[in-house]
file query03.cif (mmCIF, C-alpha atoms)
data_input
#
loop_
_atom_site.label_atom_id
_atom_site.label_comp_id
_atom_site.auth_asym_id
_atom_site.auth_seq_id
_atom_site.Cartn_x
_atom_site.Cartn_y
_atom_site.Cartn_z
CA MET A 1 101.60 88.34 129.30
CA ILE A 2 100.63 89.03 132.93
CA GLY A 3 97.72 87.28 134.62
CA SER A 4 94.20 88.57 134.23
CA VAL A 5 93.80 89.36 137.96
CA LEU A 6 96.85 91.64 138.08
CA ASP A 7 95.85 93.16 134.76
CA THR A 8 92.36 94.01 136.08
CA VAL A 9 93.82 95.50 139.26
CA LEU A 10 96.08 97.72 137.18
CA ASP A 11 93.14 98.77 135.03
CA ARG A 12 90.89 99.69 137.94
CA THR A 13 93.55 101.60 139.86
CA VAL A 14 93.97 103.88 136.80
CA VAL A 15 97.19 105.57 137.94
CA ALA A 16 99.05 102.29 137.81
CA GLY A 17 97.33 100.97 134.70
CA TYR A 18 97.32 104.07 132.52
CA THR A 19 100.92 105.16 133.12
CA ASN A 20 104.23 103.85 131.83
CA VAL A 21 104.31 101.60 134.92
CA GLY A 22 101.27 99.69 133.71
CA TYR A 23 102.65 99.48 130.20
CA ARG A 24 106.01 98.13 131.36
CA ILE A 25 104.33 95.45 133.48
CA ARG A 26 101.85 94.38 130.83
CA SER A 27 104.30 94.41 127.94
CA ARG A 28 106.72 91.89 129.46
CA GLY A 29 107.13 89.24 126.81
CA TRP A 30 105.83 91.39 123.96
CA SER A 31 108.15 91.92 121.01
CA ALA A 32 108.02 93.26 117.48
CA SER A 33 108.13 89.68 116.25
CA ASP A 34 104.67 89.14 117.78
CA LEU A 35 103.11 91.02 114.87
CA PRO A 36 102.89 89.78 111.29
CA ARG A 37 104.45 91.73 108.47
CA MET A 38 102.11 94.02 106.52
CA GLU A 39 103.62 94.26 103.04
CA GLY A 40 100.83 94.81 100.53
CA LYS A 41 98.54 96.31 103.19
CA VAL A 42 97.42 99.96 103.12
CA VAL A 43 96.95 101.89 106.35
CA LEU A 44 95.43 105.38 106.71
CA VAL A 45 96.09 107.24 109.97
CA SER A 46 94.46 110.59 110.75
CA GLY A 47 96.17 113.12 112.99
CA ALA A 48 99.48 111.58 111.95
CA SER A 49 101.80 114.59 112.10
CA SER A 50 102.58 114.20 115.81
CA GLY A 51 101.83 112.29 119.00
CA LEU A 52 99.97 109.00 118.89
CA GLY A 53 99.15 109.26 115.20
CA LEU A 54 102.79 109.74 114.22
CA ALA A 55 103.88 106.89 116.49
CA ALA A 56 101.19 104.56 115.12
CA ALA A 57 102.08 105.44 111.52
CA GLU A 58 105.73 104.72 112.24
CA GLY A 59 104.77 101.40 113.82
CA PHE A 60 102.82 100.36 110.73
CA GLY A 61 105.71 101.55 108.57
CA ARG A 62 108.13 99.32 110.46
CA LEU A 63 105.85 96.37 109.64
CA GLY A 64 106.15 97.13 105.93
CA ALA A 65 102.69 98.59 105.27
CA THR A 66 101.93 101.33 102.78
CA VAL A 67 101.12 104.21 105.12
CA TRP A 68 98.99 107.27 104.41
CA LEU A 69 99.25 110.21 106.80
CA LEU A 70 96.06 112.27 106.99
CA VAL A 71 97.00 115.75 108.22
CA ARG A 72 95.76 119.33 108.16
CA SER A 73 99.14 120.84 107.24
CA ARG A 74 101.01 119.65 104.15
CA GLU A 75 104.27 120.97 105.59
CA ARG A 76 103.93 119.10 108.88
CA GLY A 77 102.78 116.02 107.02
CA GLU A 78 105.91 116.05 104.87
CA GLU A 79 108.06 116.43 107.96
CA ALA A 80 106.32 113.40 109.48
CA ARG A 81 106.72 111.43 106.26
CA VAL A 82 110.48 112.05 106.20
CA ARG A 83 110.79 111.06 109.87
CA ILE A 84 108.83 107.84 109.41
CA THR A 85 110.82 106.91 106.32
CA GLU A 86 114.13 107.51 108.08
CA ARG A 87 113.16 105.64 111.27
CA SER A 88 111.30 102.72 109.71
CA GLY A 89 113.32 102.25 106.53
CA ASN A 90 110.01 102.22 104.64
CA ASP A 91 109.67 104.84 101.89
CA ASP A 92 106.13 103.82 100.93
CA VAL A 93 104.65 106.66 102.98
CA HIS A 94 102.21 109.23 101.57
CA VAL A 95 100.60 112.46 102.76
CA GLY A 96 96.93 113.37 102.41
CA VAL A 97 95.60 116.76 103.48
CA CYS A 98 92.17 117.11 105.07
CA ASP A 99 90.72 119.08 107.97
CA LEU A 100 88.16 116.74 109.50
CA SER A 101 86.34 119.66 111.12
CA GLU A 102 85.55 121.08 107.66
CA LEU A 103 83.03 118.71 106.16
CA GLN A 104 83.51 119.90 102.59
CA SER A 105 87.12 118.68 102.63
CA VAL A 106 86.26 115.17 103.85
CA PRO A 107 84.49 113.83 100.71
CA GLN A 108 87.09 115.60 98.58
CA PHE A 109 89.88 113.72 100.34
CA ALA A 110 87.95 110.43 100.33
CA ALA A 111 87.47 110.68 96.58
CA ARG A 112 91.18 111.39 96.01
CA PHE A 113 92.19 108.55 98.30
CA ARG A 114 89.93 106.06 96.50
CA ASP A 115 91.47 107.14 93.21
CA GLU A 116 95.08 106.83 94.42
CA ALA A 117 95.02 103.91 96.86
CA PRO A 118 94.32 100.43 95.47
CA ARG A 119 92.87 99.22 98.76
CA LEU A 120 92.41 100.10 102.44
CA ASP A 121 93.18 97.48 105.08
CA VAL A 122 93.31 99.64 108.21
CA LEU A 123 91.69 103.01 108.95
CA VAL A 124 92.82 104.68 112.18
CA ASN A 125 90.64 107.57 113.33
CA ASN A 126 93.05 109.32 115.66
CA ALA A 127 92.76 113.06 114.94
CA GLY A 128 91.20 115.04 117.75
CA VAL A 129 91.00 118.42 119.40
CA MET A 130 90.34 119.77 122.89
CA THR A 131 89.46 123.46 123.29
CA GLU A 132 89.40 125.68 126.37
CA GLN A 133 86.35 127.60 125.23
CA ARG A 134 83.44 126.71 123.02
CA ALA A 135 84.16 127.31 119.34
CA VAL A 136 82.41 126.28 116.15
CA SER A 137 83.71 124.83 112.91
CA ALA A 138 83.35 126.36 109.47
CA ASP A 139 80.09 124.40 109.23
CA GLY A 140 78.74 125.85 112.47
CA ILE A 141 79.23 122.66 114.50
CA GLU A 142 80.85 122.78 117.94
CA LEU A 143 84.52 122.24 117.14
CA THR A 144 85.28 119.30 119.44
CA PHE A 145 82.24 117.36 118.27
CA ALA A 146 82.93 118.27 114.64
CA THR A 147 86.57 117.14 114.74
CA ASN A 148 86.35 114.16 117.06
CA VAL A 149 82.99 112.70 116.01
CA VAL A 150 81.27 114.09 112.91
CA GLY A 151 84.32 114.33 110.64
CA PRO A 152 85.60 110.80 111.42
CA PHE A 153 82.04 109.48 111.12
CA LEU A 154 81.77 110.92 107.61
CA LEU A 155 85.23 109.78 106.55
CA THR A 156 84.67 106.24 107.80
CA ASN A 157 81.32 105.91 106.04
CA LEU A 158 82.78 107.20 102.79
CA LEU A 159 85.63 104.67 102.98
CA ILE A 160 83.63 101.64 104.14
CA PRO A 161 83.02 100.46 100.56
CA LEU A 162 86.80 100.39 99.94
CA LEU A 163 87.35 98.64 103.27
CA ARG A 164 84.80 96.00 102.29
CA GLU A 165 86.49 95.45 98.97
CA SER A 166 89.80 94.98 100.83
CA ALA A 167 88.41 92.66 103.53
CA PRO A 168 89.52 91.45 105.94
CA ALA A 169 89.90 95.07 107.01
CA ARG A 170 89.76 97.08 110.21
CA VAL A 171 88.65 100.44 111.58
CA ILE A 172 90.31 101.63 114.79
CA ASN A 173 88.85 104.59 116.69
CA VAL A 174 91.16 106.19 119.23
CA SER A 175 89.30 107.13 122.39
CA SER A 176 90.42 108.23 125.85
CA GLY A 177 90.29 106.76 129.31
CA GLY A 178 88.57 110.00 130.31
CA MET A 179 85.43 108.77 128.56
CA TYR A 180 84.80 106.51 131.57
CA THR A 181 83.86 109.60 133.60
CA GLN A 182 81.23 110.88 131.18
CA ARG A 183 77.80 109.95 129.97
CA LEU A 184 76.60 110.71 126.46
CA ARG A 185 74.52 113.90 126.54
CA VAL A 186 72.41 113.20 123.50
CA ASP A 187 70.15 116.17 124.25
CA ASP A 188 73.15 118.55 124.03
CA LEU A 189 75.77 116.96 121.80
CA GLN A 190 77.19 120.34 120.81
CA THR A 191 77.36 121.72 124.38
CA GLU A 192 75.09 124.65 123.68
CA ARG A 193 73.75 124.82 127.23
CA GLY A 194 75.53 125.41 130.52
CA GLU A 195 79.21 125.93 131.23
CA PHE A 196 81.73 124.71 128.67
CA ASP A 197 84.35 122.44 130.25
CA GLY A 198 86.91 121.46 127.62
CA PRO A 199 88.15 118.17 129.15
CA LYS A 200 84.59 117.00 129.87
CA VAL A 201 83.42 117.89 126.37
CA TYR A 202 86.43 116.04 124.95
CA ALA A 203 85.67 112.99 127.11
CA ARG A 204 82.03 112.97 125.95
CA SER A 205 83.18 113.07 122.34
CA LYS A 206 85.39 110.06 123.03
CA ARG A 207 82.42 108.28 124.63
CA ALA A 208 80.53 108.95 121.38
CA ALA A 209 83.40 107.42 119.37
CA VAL A 210 83.18 104.21 121.41
CA ILE A 211 79.41 104.03 120.90
CA LEU A 212 79.78 104.53 117.14
CA SER A 213 82.39 101.76 117.07
CA GLU A 214 79.91 99.39 118.67
CA LEU A 215 77.18 100.42 116.23
CA TRP A 216 79.48 99.94 113.24
CA GLY A 217 80.51 96.59 114.65
CA GLU A 218 76.86 95.52 114.59
CA GLN A 219 76.17 97.01 111.18
CA LEU A 220 79.19 95.48 109.48
CA ALA A 221 78.94 92.02 111.04
CA GLY A 222 79.77 89.39 108.43
CA SER A 223 81.21 91.92 105.97
CA GLY A 224 84.86 91.20 106.69
CA VAL A 225 85.33 94.66 108.24
CA VAL A 226 85.81 94.81 112.01
CA VAL A 227 85.61 97.99 114.07
CA HIS A 228 87.32 98.52 117.40
CA SER A 229 88.05 101.42 119.73
CA MET A 230 90.91 101.81 122.19
CA HIS A 231 92.42 104.16 124.68
CA PRO A 232 96.17 104.73 124.96
CA GLY A 233 96.50 105.44 128.66
CA TRP A 234 98.29 108.62 129.70
CA ALA A 235 100.79 109.48 126.99
CA ASP A 236 103.22 112.38 126.57
CA THR A 237 101.82 114.04 123.44
CA PRO A 238 101.67 117.64 122.19
CA GLY A 239 97.91 117.59 122.78
CA VAL A 240 98.30 116.70 126.45
CA ARG A 241 101.05 119.28 126.94
CA SER A 242 99.05 122.11 125.38
CA SER A 243 95.51 121.24 126.49
CA LEU A 244 96.18 119.87 129.98
CA PRO A 245 99.29 121.70 131.22
CA ARG A 246 98.56 121.18 134.92
CA PHE A 247 97.91 117.47 134.45
CA TYR A 248 101.06 117.23 132.33
CA LYS A 249 103.21 118.90 134.98
CA LEU A 250 101.91 116.61 137.75
CA THR A 251 102.16 113.34 135.82
CA ARG A 252 105.08 113.90 133.46
CA PRO A 253 107.42 111.28 135.01
CA LEU A 254 104.66 108.68 134.71
CA LEU A 255 103.47 109.44 131.19
CA ARG A 256 103.90 106.89 128.45
CA THR A 257 105.89 107.63 125.35
CA PRO A 258 103.78 108.12 122.20
CA ALA A 259 105.02 104.72 120.98
CA GLN A 260 103.82 103.03 124.18
CA GLY A 261 100.44 104.75 123.89
CA ALA A 262 100.15 103.77 120.22
CA ASP A 263 101.19 100.15 120.74
CA THR A 264 97.60 98.87 120.92
CA ILE A 265 96.67 100.82 117.78
CA VAL A 266 99.35 98.99 115.82
CA TRP A 267 98.45 95.66 117.46
CA LEU A 268 94.76 96.12 116.56
CA GLY A 269 95.75 96.87 112.98
CA ALA A 270 98.18 93.98 112.52
CA ALA A 271 97.47 91.08 114.89
CA ASP A 272 95.14 88.19 114.16
CA GLU A 273 93.12 88.30 117.38
CA PRO A 274 91.22 91.57 116.67
CA LEU A 275 89.78 90.03 113.49
CA ARG A 276 87.88 87.49 115.59
CA SER A 277 85.53 90.07 117.12
CA SER A 278 84.17 93.54 116.45
CA GLY A 279 82.86 96.56 118.34
CA ARG A 280 85.12 96.04 121.35
CA PHE A 281 87.07 98.56 123.46
CA TRP A 282 90.78 97.86 124.09
CA HIS A 283 93.67 99.03 126.24
CA ASP A 284 97.13 97.47 126.29
CA ARG A 285 96.11 94.64 123.95
CA ARG A 286 93.17 93.45 126.04
CA ALA A 287 89.44 94.09 125.69
CA ARG A 288 88.08 96.35 128.43
CA PRO A 289 84.61 97.22 129.73
CA THR A 290 83.10 100.43 128.35
CA HIS A 291 81.54 101.44 131.67
CA VAL A 292 83.07 101.35 135.14
CA LEU A 293 81.18 104.15 136.90
CA PRO A 294 77.45 104.25 137.68
CA GLY A 295 75.26 106.55 135.63
CA THR A 296 77.31 106.53 132.44
CA ARG A 297 75.28 104.00 130.45
CA GLU A 298 73.23 105.22 127.51
CA THR A 299 70.00 103.68 126.27
CA ARG A 300 69.51 102.12 122.87
CA GLN A 301 67.33 105.09 121.93
CA GLU A 302 70.14 107.49 122.86
CA ARG A 303 72.60 105.54 120.75
CA GLU A 304 70.23 105.74 117.80
CA ARG A 305 69.77 109.48 118.35
CA LEU A 306 73.55 109.95 118.28
CA LEU A 307 73.74 108.04 115.02
CA ALA A 308 70.90 110.03 113.48
CA GLU A 309 72.50 113.32 114.49
CA CYS A 310 75.84 112.29 113.02
CA VAL A 311 74.11 111.42 109.75
CA ARG A 312 72.31 114.77 109.74
CA LEU A 313 75.29 116.93 110.64
CA SER A 314 77.68 115.15 108.28
CA GLY A 315 75.36 115.47 105.30
CA LEU A 316 75.59 111.73 104.76
CA HIS A 317 72.66 110.51 102.67
CA ASP A 318 73.31 106.78 102.34
CA ALA A 319 74.68 104.68 105.16
CA PRO A 320 76.63 101.60 104.08
CA ASP A 321 74.30 98.69 103.38
CA PRO A 322 74.96 95.77 105.76
CA SER A 323 73.58 93.39 103.14
CA GLY A 324 76.79 93.73 101.18
CA SER A 325 76.34 96.62 98.76
CA THR A 326 79.55 98.49 98.03
CA SER A 327 77.91 101.62 96.63
CA THR A 328 79.64 104.76 97.82
CA PRO A 329 77.63 106.85 100.30
CA ARG A 330 76.97 110.40 99.19
CA ALA A 331 77.71 113.50 101.18
CA GLU A 332 76.99 117.15 100.58
CA ALA A 333 80.05 118.86 99.14
#
call {"tool": "encode", "arguments": {"input": "query03.cif", "output": "structure tokens"}}
result
Amino acid sequence: MIGSVLDTVLDRTVVAGYTNVGYRIRSRGWSASDLPRMEGKVVLVSGASSGLGLAAAEGFGRLGATVWLLVRSRERGEEARVRITERSGNDDVHVGVCDLSELQSVPQFAARFRDEAPRLDVLVNNAGVMTEQRAVSADGIELTFATNVVGPFLLTNLLIPLLRESAPARVINVSSGGMYTQRLRVDDLQTERGEFDGPKVYARSKRAAVILSELWGEQLAGSGVVVHSMHPGWADTPGVRSSLPRFYKLTRPLLRTPAQGADTIVWLGAADEPLRSSGRFWHDRRARPTHVLPGTRETRQERERLLAECVRLSGLHDAPDPSGSTSTPRAEA
């Protein structure tokens, strides 16, 4: 692995660190043999029909894990399942259907998953959306916040009891380097005031995901469940191509492949090192700061307000008990 000074320089220069150039430099010496096999482990990846989620699911499949693909479309999920099976040689791949923006479907899926899966070793919250204009979910929640924050918040809380039973276990929240540019706007989490800027709203939702990871890390300390967040750098995914066409056109030669962007997801889910800490933010297999620009830090009160609003909007009645209770939290159906 490269030295810490060069690594930090790459990280701060962004263009070098987030592109395939940074990945190629940092990954010298990495190999598939660095990661332990995962036979007997169960991994659930949301947004797994394409892009980073598909690449991460394939990576876990290559390590021998039982992989669950959480998707909105059964048809696309089956296509992804066949691809992963063919490329990884692992046929222990399953499809679960759930739209994380529709809160009624989240507890329904969680209940089915708990019935069908014997354990859960790794939960990857990867599904996300970026919209050009403000839209609302079926529950009346701004769509980006519903999909990227509230839905994953509810799903994670509903599955924490199973994660605790399977400990040591891990939750991995996929963020974005764009979150560095944004501060949490706890007074307007659903962007109801002012102009709607899709990339900025997306970045704020990814900032919220990092904050929730830190809060879960505190809450679950000593439980055997660790929670981390990460950002993949600039990767060539369908989401980038459709949501940021100008950015895609300008940076296409420098974009990472989905597998390069997903490498740290798989590493966080399989390697030993991530089990030794919790609530950290990672990029290219190294922990990173969560703030690099002035004015982006939130207060403890703002973090607590975010948590309270996620509880309220998700309909979650019982947060997991850090004392060790494995009772299943309840959510409005």
call {"tool": "closest_atom_pairs", "arguments": {"input": "query03.cif", "of": "stretch 194-231 of chain A", "to": "stretch 157-179 of chain A", "cutoff": "9 Å", "atoms": "only C-alpha atoms", "output": "tab-separated table"}}
result
residue	atom	partner	partner_atom	distance
A:Pro199	CA	A:Gly178	CA	8.3
A:Lys200	CA	A:Gly178	CA	8.1
A:Tyr202	CA	A:Met179	CA	8.2
A:Ala203	CA	A:Met179	CA	4.5
A:Arg204	CA	A:Met179	CA	6.0
A:Ser205	CA	A:Met179	CA	7.9
A:Lys206	CA	A:Ser175	CA	4.9
A:Arg207	CA	A:Met179	CA	5.0
A:Ala208	CA	A:Met179	CA	8.7
A:Ala209	CA	A:Ser175	CA	6.6
A:Val210	CA	A:Ser175	CA	6.9
A:Ser213	CA	A:Asn173	CA	7.1
A:Ser223	CA	A:Arg164	CA	6.6
A:Gly224	CA	A:Pro168	CA	4.7
A:Val225	CA	A:Ala169	CA	4.8
A:Val226	CA	A:Arg170	CA	4.9
A:Val227	CA	A:Val171	CA	4.6
A:His228	CA	A:Ile172	CA	5.0
A:Ser229	CA	A:Asn173	CA	4.5
A:Met230	CA	A:Val174	CA	5.3
A:His231	CA	A:Ser176	CA	4.7
call {"tool": "write_last_selection", "arguments": {"input": "query03.cif", "atoms": "C-alpha atoms", "output": "CSV table (one decimal), keeping the file's coordinate frame"}}
result
chain,number,residue,atom,x,y,z
A,199,PRO,CA,88.2,118.2,129.2
A,200,LYS,CA,84.6,117.0,129.9
A,202,TYR,CA,86.4,116.0,125.0
A,203,ALA,CA,85.7,113.0,127.1
A,204,ARG,CA,82.0,113.0,126.0
A,205,SER,CA,83.2,113.1,122.3
A,206,LYS,CA,85.4,110.1,123.0
A,207,ARG,CA,82.4,108.3,124.6
A,208,ALA,CA,80.5,109.0,121.4
A,209,ALA,CA,83.4,107.4,119.4
A,210,VAL,CA,83.2,104.2,121.4
A,213,SER,CA,82.4,101.8,117.1
A,223,SER,CA,81.2,91.9,106.0
A,224,GLY,CA,84.9,91.2,106.7
A,225,VAL,CA,85.3,94.7,108.2
A,226,VAL,CA,85.8,94.8,112.0
A,227,VAL,CA,85.6,98.0,114.1
A,228,HIS,CA,87.3,98.5,117.4
A,229,SER,CA,88.0,101.4,119.7
A,230,MET,CA,90.9,101.8,122.2
A,231,HIS,CA,92.4,104.2,124.7
call {"tool": "closest_residue", "arguments": {"input": "query03.cif", "among": "A:Val240, A:Val95, A:Leu307, A:Val122", "to": "A:Ala271", "atoms": "only C-alpha atoms"}}
result
A:Val122
call {"tool": "residues_around", "arguments": {"input": "query03.cif", "residues": "stretch 250-259 of chain A", "least_positions_apart": "4", "cutoff": "12 Å", "atoms": "all atoms listed in the file", "output": "JSON, numbers by chain"}}
result
{"A": [14, 15, 16, 17, 18, 19, 20, 21, 22, 23, 24, 48, 50, 51, 52, 53, 54, 55, 56, 57, 58, 59, 60, 232, 233, 234, 235, 236, 237, 238, 239, 240, 241, 244, 245, 246, 263, 264, 265, 266, 267, 284]}
call {"tool": "write_last_selection", "arguments": {"input": "query03.cif", "atoms": "C-alpha atoms", "output": "short mmCIF file (atom, residue, chain, number, x, y, z; two decimals), in the coordinates of the input"}}
result
data_model
loop_
_atom_site.label_atom_id
_atom_site.label_comp_id
_atom_site.auth_asym_id
_atom_site.auth_seq_id
_atom_site.Cartn_x
_atom_site.Cartn_y
_atom_site.Cartn_z
CA VAL A 14 93.97 103.88 136.80
CA VAL A 15 97.19 105.57 137.94
CA ALA A 16 99.05 102.29 137.81
CA GLY A 17 97.33 100.97 134.70
CA TYR A 18 97.32 104.07 132.52
CA THR A 19 100.92 105.16 133.12
CA ASN A 20 104.23 103.85 131.83
CA VAL A 21 104.31 101.60 134.92
CA GLY A 22 101.27 99.69 133.71
CA TYR A 23 102.65 99.48 130.20
CA ARG A 24 106.01 98.13 131.36
CA ALA A 48 99.48 111.58 111.95
CA SER A 50 102.58 114.20 115.81
CA GLY A 51 101.83 112.29 119.00
CA LEU A 52 99.97 109.00 118.89
CA GLY A 53 99.15 109.26 115.20
CA LEU A 54 102.79 109.74 114.22
CA ALA A 55 103.88 106.89 116.49
CA ALA A 56 101.19 104.56 115.12
CA ALA A 57 102.08 105.44 111.52
CA GLU A 58 105.73 104.72 112.24
CA GLY A 59 104.77 101.40 113.82
CA PHE A 60 102.82 100.36 110.73
CA PRO A 232 96.17 104.73 124.96
CA GLY A 233 96.50 105.44 128.66
CA TRP A 234 98.29 108.62 129.70
CA ALA A 235 100.79 109.48 126.99
CA ASP A 236 103.22 112.38 126.57
CA THR A 237 101.82 114.04 123.44
CA PRO A 238 101.67 117.64 122.19
CA GLY A 239 97.91 117.59 122.78
CA VAL A 240 98.30 116.70 126.45
CA ARG A 241 101.05 119.28 126.94
CA LEU A 244 96.18 119.87 129.98
CA PRO A 245 99.29 121.70 131.22
CA ARG A 246 98.56 121.18 134.92
CA ASP A 263 101.19 100.15 120.74
CA THR A 264 97.60 98.87 120.92
CA ILE A 265 96.67 100.82 117.78
CA VAL A 266 99.35 98.99 115.82
CA TRP A 267 98.45 95.66 117.46
CA ASP A 284 97.13 97.47 126.29
#
call {"tool": "closest_residue", "arguments": {"input": "query03.cif", "among": "A:Pro274, A:Pro289, A:Gly222, A:Gly61", "to": "A:Val82", "atoms": "only C-alpha atoms"}}
result
A:Gly61
call {"tool": "resolve_selection", "arguments": {"input": "query03.cif", "expression": "the PyMOL selection byres ((chain A and resi 143) around 10)", "output": "PDB file with C-alpha atoms, in the frame of the given file"}}
result
ATOM      1  CA  SER A 101      86.340 119.660 111.120  1.00  0.00           C
ATOM      2  CA  GLU A 102      85.550 121.080 107.660  1.00  0.00           C
ATOM      3  CA  GLY A 128      91.200 115.040 117.750  1.00  0.00           C
ATOM      4  CA  VAL A 129      91.000 118.420 119.400  1.00  0.00           C
ATOM      5  CA  MET A 130      90.340 119.770 122.890  1.00  0.00           C
ATOM      6  CA  THR A 131      89.460 123.460 123.290  1.00  0.00           C
ATOM      7  CA  GLN A 133      86.350 127.600 125.230  1.00  0.00           C
ATOM      8  CA  ARG A 134      83.440 126.710 123.020  1.00  0.00           C
ATOM      9  CA  ALA A 135      84.160 127.310 119.340  1.00  0.00           C
ATOM     10  CA  VAL A 136      82.410 126.280 116.150  1.00  0.00           C
ATOM     11  CA  SER A 137      83.710 124.830 112.910  1.00  0.00           C
ATOM     12  CA  ALA A 138      83.350 126.360 109.470  1.00  0.00           C
ATOM     13  CA  ASP A 139      80.090 124.400 109.230  1.00  0.00           C
ATOM     14  CA  GLY A 140      78.740 125.850 112.470  1.00  0.00           C
ATOM     15  CA  ILE A 141      79.230 122.660 114.500  1.00  0.00           C
ATOM     16  CA  GLU A 142      80.850 122.780 117.940  1.00  0.00           C
ATOM     17  CA  THR A 144      85.280 119.300 119.440  1.00  0.00           C
ATOM     18  CA  PHE A 145      82.240 117.360 118.270  1.00  0.00           C
ATOM     19  CA  ALA A 146      82.930 118.270 114.640  1.00  0.00           C
ATOM     20  CA  THR A 147      86.570 117.140 114.740  1.00  0.00           C
ATOM     21  CA  ASN A 148      86.350 114.160 117.060  1.00  0.00           C
ATOM     22  CA  VAL A 149      82.990 112.700 116.010  1.00  0.00           C
ATOM     23  CA  VAL A 150      81.270 114.090 112.910  1.00  0.00           C
ATOM     24  CA  GLN A 190      77.190 120.340 120.810  1.00  0.00           C
TER      25      GLN A 190
END
call {"tool": "resolve_selection", "arguments": {"input": "query03.cif", "expression": "the PyMOL selection byres ((chain A and resi 106-108) around 12)", "output": "NGL selection string"}}
result
:A and (46 or 70-72 or 96-105 or 109-115 or 146-147 or 150-159 or 314-316 or 328-333)
call {"tool": "residues_around", "arguments": {"input": "query03.cif", "residues": "A:Ala308", "least_positions_apart": "4", "cutoff": "12 Å", "atoms": "only C-alpha atoms", "output": "PyMOL selection string"}}
result
chain A and resi 150+153+186+189+212+215+301-304+312-319
call {"tool": "write_last_selection", "arguments": {"input": "query03.cif", "atoms": "C-alpha atoms", "output": "tab-separated table (two decimals), keeping the file's coordinate frame"}}
result
chain	number	residue	atom	x	y	z
A	150	VAL	CA	81.27	114.09	112.91
A	153	PHE	CA	82.04	109.48	111.12
A	186	VAL	CA	72.41	113.20	123.50
A	189	LEU	CA	75.77	116.96	121.80
A	212	LEU	CA	79.78	104.53	117.14
A	215	LEU	CA	77.18	100.42	116.23
A	301	GLN	CA	67.33	105.09	121.93
A	302	GLU	CA	70.14	107.49	122.86
A	303	ARG	CA	72.60	105.54	120.75
A	304	GLU	CA	70.23	105.74	117.80
A	312	ARG	CA	72.31	114.77	109.74
A	313	LEU	CA	75.29	116.93	110.64
A	314	SER	CA	77.68	115.15	108.28
A	315	GLY	CA	75.36	115.47	105.30
A	316	LEU	CA	75.59	111.73	104.76
A	317	HIS	CA	72.66	110.51	102.67
A	318	ASP	CA	73.31	106.78	102.34
A	319	ALA	CA	74.68	104.68	105.16
call {"tool": "closest_residue", "arguments": {"input": "query03.cif", "among": "A:Asp197, A:Glu132, A:Ala270, A:Arg28", "to": "A:Arg62", "atoms": "all atoms listed in the file"}}
result
A:Ala270
call {"tool": "build_atoms", "arguments": {"input": "query03.cif", "residues": "stretch 91-102 of chain A", "atoms": "N, CA and C atoms", "output": "PDB file, keeping the file's coordinate frame"}}
result
ATOM      1  N   ASP A  91     109.923 103.587 102.624  1.00  0.00           N
ATOM      2  CA  ASP A  91     109.670 104.840 101.890  1.00  0.00           C
ATOM      3  C   ASP A  91     108.310 104.860 101.216  1.00  0.00           C
ATOM      4  N   ASP A  92     107.476 103.864 101.506  1.00  0.00           N
ATOM      5  CA  ASP A  92     106.130 103.820 100.930  1.00  0.00           C
ATOM      6  C   ASP A  92     105.157 104.542 101.868  1.00  0.00           C
ATOM      7  N   VAL A  93     105.417 105.830 102.064  1.00  0.00           N
ATOM      8  CA  VAL A  93     104.650 106.660 102.980  1.00  0.00           C
ATOM      9  C   VAL A  93     104.139 107.877 102.211  1.00  0.00           C
ATOM     10  N   HIS A  94     102.854 108.185 102.371  1.00  0.00           N
ATOM     11  CA  HIS A  94     102.210 109.230 101.570  1.00  0.00           C
ATOM     12  C   HIS A  94     101.468 110.210 102.484  1.00  0.00           C
ATOM     13  N   VAL A  95     101.262 111.414 101.977  1.00  0.00           N
ATOM     14  CA  VAL A  95     100.600 112.460 102.760  1.00  0.00           C
ATOM     15  C   VAL A  95      99.297 112.859 102.081  1.00  0.00           C
ATOM     16  N   GLY A  96      98.226 112.875 102.866  1.00  0.00           N
ATOM     17  CA  GLY A  96      96.930 113.370 102.410  1.00  0.00           C
ATOM     18  C   GLY A  96      96.507 114.520 103.300  1.00  0.00           C
ATOM     19  N   VAL A  97      95.972 115.568 102.718  1.00  0.00           N
ATOM     20  CA  VAL A  97      95.600 116.760 103.480  1.00  0.00           C
ATOM     21  C   VAL A  97      94.084 116.860 103.584  1.00  0.00           C
ATOM     22  N   CYS A  98      93.601 116.982 104.820  1.00  0.00           N
ATOM     23  CA  CYS A  98      92.170 117.110 105.070  1.00  0.00           C
ATOM     24  C   CYS A  98      91.971 117.622 106.484  1.00  0.00           C
ATOM     25  N   ASP A  99      91.129 118.613 106.645  1.00  0.00           N
ATOM     26  CA  ASP A  99      90.720 119.080 107.970  1.00  0.00           C
ATOM     27  C   ASP A  99      89.383 118.441 108.278  1.00  0.00           C
ATOM     28  N   LEU A 100      89.374 117.488 109.209  1.00  0.00           N
ATOM     29  CA  LEU A 100      88.160 116.740 109.500  1.00  0.00           C
ATOM     30  C   LEU A 100      87.051 117.592 110.079  1.00  0.00           C
ATOM     31  N   SER A 101      87.386 118.783 110.583  1.00  0.00           N
ATOM     32  CA  SER A 101      86.340 119.660 111.120  1.00  0.00           C
ATOM     33  C   SER A 101      85.609 120.405 110.014  1.00  0.00           C
ATOM     34  N   GLU A 102      86.163 120.409 108.802  1.00  0.00           N
ATOM     35  CA  GLU A 102      85.550 121.080 107.660  1.00  0.00           C
ATOM     36  C   GLU A 102      84.970 120.019 106.745  1.00  0.00           C
TER      37      GLU A 102
END
